[in-house]
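First comes the structure, then the notes that go with it.
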Amino acid sequence: MAITIRDTKPGAAPIKRNIASLVGGVVIAVGCFILCLLVASELTAVTWPVVLGAAVMALAVGAWIRVADL
Amino acid sequence: MMNPRQAAFRAAYRAQIAPAYDGLIHVALIYLIGGATLWYAAQHIHAASWTEWLTVPATILFANVFEWFLHAQVMHRPRPGFMGIYKRHTLAHHQFFTDHEPFHDTTRDFRIVFFPPYALIAFLVMASAGGYALSLVWSSNAAWLLLATAAGMYMNYEFFHWCCHVRDDRVLRHLPFINTIRRHHIAHHDTSIMMNRNMNLTYPFADWLFGTSDLDRGLLGHLFNGYDTRFIRRGLRGVPSTASVPASAAGD
């Protein structure tokens, strides 16, 4: 199966996530960061706050992919 | 009607979905990324000639054949390096959804309906590479049209596929193309034909072209077949008849 078996019993080992969600999380974070900057460049000047905002958004999306084990 | 094996698989699969997963966020990410790419590409198209606009139908046809190829040769074949895709599709998606019970119940089931968002990134990278090559040999307008169309086709694919697995078809059954692909794809979920029939997920053009459709009719008949079961090829073991297609997908 594509996703990880979870054991929710008390004292069970920590949840192990699929490696695909780790690779996918990194890929989606990089992709979102680049896309955010490209879209921002069409709408406004790309300043440091814009870059920082894009980075935060990209990291949040990448982290969600990982914790959601998508 | 769902058999015990499918019910057990669904229960096991759902129990393994991470608590942090949310189907609506999953879908929103796909459409935000795809929509932003399409919009960004469109901003760079200026006074395109009619020959450059021909990139759009050419890309649609290429995407259709690519979708057919990927489905038939990667998602349904255990290829080294692509086993994850095979397991996720043939061994999971096709056990979760059968031709007898092809519908999802909650938005958490979106996890097994939609591709992971990074698949879209991979397709966009491929389309960008093709667009870059096109800009070198011909035209930047054509390149941006290619990228915009590729992003649009990906979103088209995901939307149509979702339409195939929605239970309520009071509206969908009347929509051209969507009603066609809905019958086409639900028939594909018959395990006896899933490995080699009905591989298109948007418009059954490549299935008609390569003779892998379960229908025996021409191109226009394929595209506008709707729920009609009169043209199903004889001798395809297990192909749903009018009586065995789920009631909501079998027409009136």
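Ordering of the structure tokens sets the chain letters (A, B, ...), residue numbers begin anew at 1 in every chain, and ligands are numbered from 1 in the order given.
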DSSP helix (DSSP H, G or I) residues within range 14-220 of chain B, listed as a ChimeraX atom specification = /B:14-15,23-42,50-53,55-75,83-96,107-112,117-137,140-164,172-174,178-188,205-210,219-220
query = Once you count only C-alpha atoms, which residues of chain B turn out to be within 8 Å of chain A? Could you give them as number ranges by chain?
reply = B: 15-22, 33, 36-37, 40, 84, 87-88, 91-92, 111, 116-118, 121
